[in-house]
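First comes the structure, then the notes that go with it.
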Amino acid sequence: MQNCPNDTLNSYCKGGKFCIEKLYKASRPQYQKCNWKRSVTTSKAIPRHQFILWLALHRRLTAVERQQKWGIAVNKDCVICSRGTEETFQHLLSECTYSRNMWNAMLNWIEIQHQIGSWDEEIEWITKVVVNRTKGEILVFLFTAVVYQIWKERNNRRFQGIETTYNKSIKEIVLMLHIRGQQVDKWRKELEKLNSYPS
């Protein structure tokens, strides 16, 4: 290989030799670091739940506001809380009474005191709380399951006219947590304390 011709390429040289690897890395687009990435990708959540959360984190869930932008005529009211509020991404996952109550019940159940905020605030909070601790892993599992359950309930009501009661949705999540917990040794002691359903 030839020596670097000028100072401009010096940063891509190693010992006077041109380094293709350095140039390649420098030419790739630089994206903002996702603080939540590790929490999601290392989560022990159920894969289909993780996928829906991934879509939500990238704002790819097709809520009514997105459908309207595509010119699709659809009833814009939230079908979960039925308060005549428009179904936006933000409303569905952080403002809807059904959603907030479900997430709050889970937090109280695992004895975490937290004032629920907006979607972005919840993601930021969870990212800070989770440091590979057992309770943190369970928290991520529950959050992922809640997001999945909300999206599933929204779709069932909107497209099939099927409603699941709030209590039944919570029991489904708890059951999934205990089943998953049988596969994760370090969760067992923590799950033994959770021998009742959230209220």
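Residue numbering restarts at 1 for every chain of the structure tokens, chains are lettered A, B, ... in their displayed order, and ligands are numbered from 1 as they appear.
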Legend entry - Non-local contacts of A:Phe141 (8 Å; only C-alpha atoms; under 3 positions in same chain excluded) as a ChimeraX atom specification: /A:43-46,137-138,144-145,177
Legend entry - Filtered DSSP result for stretch 69-149 of chain A, state helix (DSSP H, G or I), as a PyMOL selection string: chain A and resi 69+89-95+97-109+119-129+134-149
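For the set A:Gly181, A:Pro47, A:Gly136, A:Gly117, the residue with the smallest atom-to-atom gap to A:Trp103 is A:Gly117, counting only C-alpha atoms.
Distance-wise, atom CA of A:Arg60 and atom CA of A:Glu163 end up 23.8 Å apart.
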